[in-house]
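upload.tsv follows (TSV, C-alpha atoms):
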```tsv
chain	number	residue	atom	x	y	z
A	822	MET	CA	4.74	13.30	-42.20
A	823	GLN	CA	7.61	12.19	-44.39
A	824	CYS	CA	7.41	8.91	-46.28
A	825	THR	CA	10.01	7.05	-48.26
A	826	ARG	CA	9.86	7.23	-52.07
A	827	GLU	CA	8.77	3.59	-52.14
A	828	VAL	CA	5.78	4.28	-49.89
A	829	GLU	CA	4.79	7.39	-51.85
A	830	GLN	CA	4.60	5.32	-55.06
A	831	MET	CA	2.42	2.64	-53.51
A	832	THR	CA	-1.24	2.25	-54.47
A	833	CYS	CA	-3.62	3.34	-51.71
A	834	VAL	CA	-5.72	0.43	-50.41
A	835	ALA	CA	-8.79	1.03	-48.22
A	836	LYS	CA	-8.61	-0.14	-44.64
A	837	GLY	CA	-11.11	-2.76	-43.51
A	838	PRO	CA	-12.82	-3.13	-40.11
A	839	ASN	CA	-11.51	-0.88	-37.36
A	840	HIS	CA	-10.84	-3.05	-34.29
A	841	GLY	CA	-10.65	-0.53	-31.45
A	842	PRO	CA	-9.41	-1.14	-27.90
A	843	ALA	CA	-11.25	-3.69	-25.81
A	844	PRO	CA	-13.35	-1.84	-23.19
A	845	ILE	CA	-12.04	-2.03	-19.63
A	846	PRO	CA	-14.16	-1.86	-16.46
A	847	GLU	CA	-13.67	1.38	-14.55
A	848	GLU	CA	-15.89	3.00	-11.97
A	849	GLY	CA	-19.05	1.19	-13.00
A	850	ARG	CA	-18.57	1.67	-16.77
A	851	TRP	CA	-16.96	-0.08	-19.71
A	852	VAL	CA	-14.52	2.35	-21.32
A	853	PRO	CA	-12.59	1.94	-24.61
A	854	VAL	CA	-9.36	3.65	-23.52
A	855	THR	CA	-7.56	5.50	-26.32
A	856	GLN	CA	-5.77	8.15	-24.24
A	857	ILE	CA	-4.61	8.74	-20.67
A	858	SER	CA	-7.55	11.02	-19.85
A	859	ASP	CA	-9.90	8.05	-20.41
A	860	ILE	CA	-8.49	6.22	-17.37
A	861	SER	CA	-10.06	6.34	-13.91
A	862	GLY	CA	-9.61	3.95	-11.01
A	863	PHE	CA	-8.47	3.29	-7.46
A	864	THR	CA	-5.77	0.72	-6.81
A	865	HIS	CA	-2.77	-0.12	-4.69
A	866	GLY	CA	0.20	-2.45	-4.99
A	867	ILE	CA	3.80	-3.17	-4.11
A	868	GLY	CA	7.13	-2.14	-5.65
A	869	TRP	CA	10.66	-3.19	-4.71
A	870	CYS	CA	14.13	-1.74	-5.18
A	871	ALA	CA	16.84	-3.25	-7.40
A	872	PRO	CA	18.76	-5.00	-4.57
A	873	GLN	CA	15.36	-6.00	-3.09
A	874	GLN	CA	16.24	-4.56	0.30
A	875	GLY	CA	13.04	-2.56	0.71
A	876	CYS	CA	9.54	-2.22	-0.67
A	877	CYS	CA	6.85	0.40	-1.19
A	878	LYS	CA	3.09	0.06	-1.04
A	879	LEU	CA	1.62	2.73	-3.27
A	880	THR	CA	-2.07	3.67	-3.36
A	881	LEU	CA	-3.44	5.83	-6.17
A	882	ASN	CA	-6.86	7.32	-6.81
A	883	VAL	CA	-7.03	8.39	-10.46
A	884	LYS	CA	-9.77	10.50	-12.00
A	885	ASP	CA	-9.75	11.18	-15.76
A	886	GLY	CA	-6.08	10.26	-16.02
A	887	ILE	CA	-4.94	12.55	-13.19
A	888	ILE	CA	-3.66	11.30	-9.83
A	889	GLU	CA	-5.95	13.00	-7.32
A	890	GLU	CA	-4.78	11.05	-4.26
A	891	ALA	CA	-1.57	9.18	-3.39
A	892	LEU	CA	-0.62	7.20	-0.30
A	893	VAL	CA	3.02	6.08	-0.03
A	894	GLU	CA	4.02	3.48	2.58
A	895	THR	CA	7.55	2.08	2.81
A	896	LEU	CA	9.33	-0.75	4.59
A	897	GLY	CA	12.87	-1.99	5.04
A	898	CYS	CA	14.98	1.01	4.06
A	899	SER	CA	15.52	4.15	6.14
A	900	GLY	CA	16.33	6.28	3.09
A	901	MET	CA	13.12	5.20	1.44
A	902	THR	CA	11.02	7.06	4.00
A	903	HIS	CA	12.58	10.34	2.87
A	904	SER	CA	12.10	9.32	-0.76
A	905	ALA	CA	8.43	8.68	0.02
A	906	ALA	CA	8.08	12.20	1.39
A	907	MET	CA	9.34	13.59	-1.91
A	908	ALA	CA	7.22	11.19	-3.98
A	909	ALA	CA	4.07	12.25	-2.12
A	910	GLU	CA	4.72	15.83	-3.21
A	911	ILE	CA	5.52	14.76	-6.78
A	912	LEU	CA	2.63	12.39	-7.53
A	913	SER	CA	-0.56	14.34	-6.80
A	914	GLY	CA	-1.77	16.35	-9.77
A	915	LYS	CA	0.28	14.52	-12.38
A	916	THR	CA	-1.24	12.48	-15.18
A	917	LEU	CA	-0.56	8.75	-15.09
A	918	LEU	CA	1.86	9.09	-17.99
A	919	GLU	CA	3.71	11.97	-16.32
A	920	ALA	CA	4.05	9.98	-13.09
A	921	LEU	CA	5.20	6.91	-14.96
A	922	ASN	CA	7.97	8.91	-16.60
A	923	THR	CA	8.98	10.92	-13.53
A	924	ASP	CA	11.82	9.90	-11.21
A	925	LEU	CA	10.06	9.16	-7.93
A	926	VAL	CA	13.42	9.18	-6.14
A	927	CYS	CA	13.46	5.51	-5.05
A	928	ASP	CA	13.55	2.33	-7.16
A	929	ALA	CA	10.83	0.73	-5.06
A	930	ILE	CA	8.44	3.66	-5.53
A	931	ASN	CA	9.19	3.80	-9.27
A	932	THR	CA	8.49	0.06	-9.54
A	933	ALA	CA	5.24	0.43	-7.61
A	934	MET	CA	4.18	3.22	-9.99
A	935	ARG	CA	4.89	0.95	-12.96
A	936	GLU	CA	2.90	-1.94	-11.52
A	937	LEU	CA	-0.05	0.27	-10.62
A	938	PHE	CA	-0.07	1.81	-14.09
A	939	LEU	CA	-0.48	-1.68	-15.57
A	940	GLN	CA	-3.34	-2.48	-13.19
A	941	ILE	CA	-5.24	0.71	-13.91
A	942	ALA	CA	-4.58	0.67	-17.67
A	943	TYR	CA	-6.04	-2.85	-17.89
A	944	GLY	CA	-9.03	-2.07	-15.67
A	945	ARG	CA	-7.90	-4.17	-12.72
A	946	SER	CA	-8.70	-1.58	-10.05
A	947	GLN	CA	-10.57	-1.91	-6.78
A	948	SER	CA	-13.14	0.55	-8.04
A	949	ALA	CA	-13.71	-1.18	-11.39
A	950	PHE	CA	-17.34	-1.94	-10.64
A	951	SER	CA	-18.06	0.86	-8.15
A	952	GLU	CA	-20.29	3.42	-9.85
A	953	GLY	CA	-18.51	6.76	-9.78
A	954	GLY	CA	-15.43	5.20	-8.20
A	955	LEU	CA	-14.11	5.93	-4.73
A	956	THR	CA	-14.06	9.37	-3.14
A	957	ILE	CA	-10.81	11.26	-2.68
A	958	GLY	CA	-9.48	10.24	0.72
A	959	ALA	CA	-10.44	6.59	0.34
A	960	GLY	CA	-6.76	5.62	0.61
A	961	LEU	CA	-6.73	6.67	4.25
A	962	GLU	CA	-9.29	3.97	5.09
A	963	ASP	CA	-6.54	1.35	4.81
A	964	LEU	CA	-4.74	3.03	7.70
A	965	GLY	CA	-7.61	2.76	10.14
A	966	LYS	CA	-8.01	4.88	13.29
A	967	GLY	CA	-4.96	6.93	14.11
A	968	LEU	CA	-3.94	6.98	10.44
A	969	ARG	CA	-0.98	4.67	10.94
A	970	SER	CA	0.31	2.01	8.55
A	971	GLN	CA	-0.47	-1.57	9.51
A	972	VAL	CA	2.90	-3.20	10.13
A	973	GLY	CA	3.78	-6.77	11.03
A	974	THR	CA	7.21	-7.47	12.51
A	975	MET	CA	8.23	-10.98	13.59
A	976	PHE	CA	11.64	-12.30	14.64
A	977	SER	CA	12.63	-15.93	15.00
A	978	THR	CA	15.70	-18.05	15.74
A	979	LYS	CA	16.12	-21.81	15.62
A	980	VAL	CA	17.37	-21.98	19.19
A	981	LYS	CA	14.81	-19.64	20.81
A	982	GLY	CA	11.79	-19.69	18.48
A	983	PRO	CA	9.52	-16.86	17.29
A	984	ARG	CA	8.90	-13.41	18.74
A	985	TYR	CA	5.94	-11.23	17.79
A	986	LEU	CA	7.09	-7.59	17.86
A	987	GLU	CA	4.35	-5.72	16.04
A	988	MET	CA	1.01	-6.83	14.62
A	989	ALA	CA	-1.79	-5.10	12.74
A	990	GLU	CA	-3.41	-4.27	16.09
A	991	GLY	CA	-0.29	-2.50	17.35
A	992	TYR	CA	3.01	-2.70	19.20
A	993	VAL	CA	3.29	-6.05	21.02
A	994	LEU	CA	3.98	-5.69	24.75
A	995	LYS	CA	3.77	-9.29	25.92
A	996	VAL	CA	3.43	-12.72	24.35
A	997	GLY	CA	1.39	-15.44	26.05
A	998	LEU	CA	2.57	-19.07	26.04
A	999	ASP	CA	0.75	-22.29	26.89
A	1000	LYS	CA	2.11	-25.24	28.89
A	1001	ASP	CA	4.08	-26.37	25.83
A	1002	ASP	CA	5.66	-22.91	25.44
A	1003	GLN	CA	3.72	-22.26	22.25
A	1004	ILE	CA	2.29	-18.79	21.52
A	1005	ILE	CA	-1.47	-18.58	22.11
A	1006	GLY	CA	-1.96	-14.82	22.21
A	1007	TYR	CA	-0.42	-11.44	22.85
A	1008	GLN	CA	-0.95	-8.10	24.54
A	1009	PHE	CA	-0.52	-4.95	22.49
A	1010	VAL	CA	-0.87	-1.18	22.57
A	1011	ASN	CA	-2.53	0.51	19.62
A	1012	LEU	CA	-0.04	3.27	18.87
A	1013	GLY	CA	-2.31	5.07	16.41
A	1014	LYS	CA	-5.17	5.41	18.91
A	1015	MET	CA	-2.76	6.21	21.74
A	1016	MET	CA	-1.13	9.06	19.86
A	1017	GLU	CA	-4.52	10.37	18.75
A	1018	ALA	CA	-5.62	10.53	22.40
A	1019	ILE	CA	-2.41	12.30	23.43
A	1020	ARG	CA	-2.86	14.83	20.62
A	1021	LYS	CA	-6.32	15.60	22.00
A	1022	GLY	CA	-4.95	16.33	25.46
A	1023	THR	CA	-5.15	12.99	27.26
A	1024	ASP	CA	-2.34	12.32	29.74
A	1025	PRO	CA	0.24	10.05	28.01
A	1026	LYS	CA	0.12	7.43	30.79
A	1027	GLU	CA	-3.68	7.32	30.67
A	1028	ALA	CA	-3.68	7.19	26.86
A	1029	TYR	CA	-1.22	4.31	26.97
A	1030	GLU	CA	-3.23	2.29	29.49
A	1031	LYS	CA	-6.57	2.89	27.75
A	1032	ASN	CA	-5.29	1.58	24.42
A	1033	ILE	CA	-3.86	-1.72	25.63
A	1034	GLY	CA	-5.67	-4.79	24.34
A	1035	THR	CA	-5.16	-8.52	23.88
A	1036	TYR	CA	-5.54	-10.97	21.02
A	1037	GLY	CA	-6.09	-14.72	20.97
A	1038	ARG	CA	-6.11	-16.72	24.23
A	1039	PHE	CA	-3.76	-14.38	26.05
A	1040	ALA	CA	-5.85	-14.61	29.24
A	1041	GLU	CA	-5.25	-18.38	29.33
A	1042	ALA	CA	-1.47	-18.09	29.08
A	1043	VAL	CA	0.54	-20.20	31.52
A	1044	LYS	CA	3.58	-17.98	30.97
A	1045	VAL	CA	3.97	-14.41	29.72
A	1046	ILE	CA	7.18	-13.02	28.22
A	1047	ASP	CA	8.47	-9.70	26.94
A	1048	PRO	CA	9.29	-10.53	23.28
A	1049	ARG	CA	12.09	-7.96	23.18
A	1050	LYS	CA	13.93	-9.02	26.33
A	1051	GLU	CA	13.02	-12.59	27.21
```

Written as structure tokens, how would this file's structure read?
Amino acid sequence: MQCTREVEQMTCVAKGPNHGPAPIPEEGRWVPVTQISDISGFTHGIGWCAPQQGCCKLTLNVKDGIIEEALVETLGCSGMTHSAAMAAEILSGKTLLEALNTDLVCDAINTAMRELFLQIAYGRSQSAFSEGGLTIGAGLEDLGKGLRSQVGTMFSTKVKGPRYLEMAEGYVLKVGLDKDDQIIGYQFVNLGKMMEAIRKGTDPKEAYEKNIGTYGRFAEAVKVIDPRKE
């Protein structure tokens, strides 16, 4: 290592106490992180693109600094879904530092990677106090049966009020109103379960009918409307 002439002529002074990194909680241990390979953790978070027209929910399962599992969910931008497909291929197997410095195709996914890096590097992961961390595949548990992202879509106007289009339970078929025309429940079809049944050979019509459910006080509704047409 090259030094300036001034530094070379300086008297050498012994260094005092060595204050190392503060230990962070990860997978049931307290770890003084000095390099990327020291980092383990499971976490997820949100990133957004520069014009803030779409967002990405990124889930990472990191073991010894390497991304062993990645789940990429996107919303609000059609091009982002294709970017997510590329990012899913890019992320797995990379170290956290590699992923942080790799173009993940979309601003929102890049931002999500940055935010998750901060969480994991500071020990703020969901597996911080889980001994041994979470198994590979844990990210799929957020999707539930049918392995489909949980999406909420609502539309509202001042003149006509709110419309529930899709809830965590599934695609909304009908909305139930009380005597004051206020929403008290809804009927839905669970698309994830329906498609799973169809894949296993169930007749589509039967699969559709078997996966219809209701939420709230739908049975007490005075009036029922189709939220997409009425």

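When only C-alpha atoms are used to measure the gap to Leu917 of chain A, the shortest distance among A:Arg945, A:Lys836, A:Lys979, A:Lys884 belongs to A:Lys884.
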
Residue among A:Gln830, A:Thr895, A:Thr974, A:Thr825 lying closest to Leu986 of chain A, counting only C-alpha atoms: A:Thr974

Point-to-point distance in Å for atom CA of Gly982 of chain A and atom CA of Leu994 of chain A: 17.2 Å

Protein and nucleic acid residues near (-9.8, -4.0, -10.6) (cut-off 10 Å, only C-alpha atoms) as a VMD selection string: chain A and resid 845 to 848 862 to 865 940 to 951

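Comparing the minimum interatomic distances between Pro872 of chain A and each of A:Leu968, A:Leu921, A:Ile887, A:Ala929, counting all atoms listed in the file, we find that A:Ala929 sits nearest.
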
Nearest to Ala933 of chain A by atom-to-atom distance, counting all atoms listed in the file, from A:Thr880, A:Gln971, A:Ser977, A:Ser861: A:Thr880

Coordinates-based distance that separates atom CA of His903 of chain A from atom CA of Asp924 of chain A (Å, one decimal): 14.1 Å
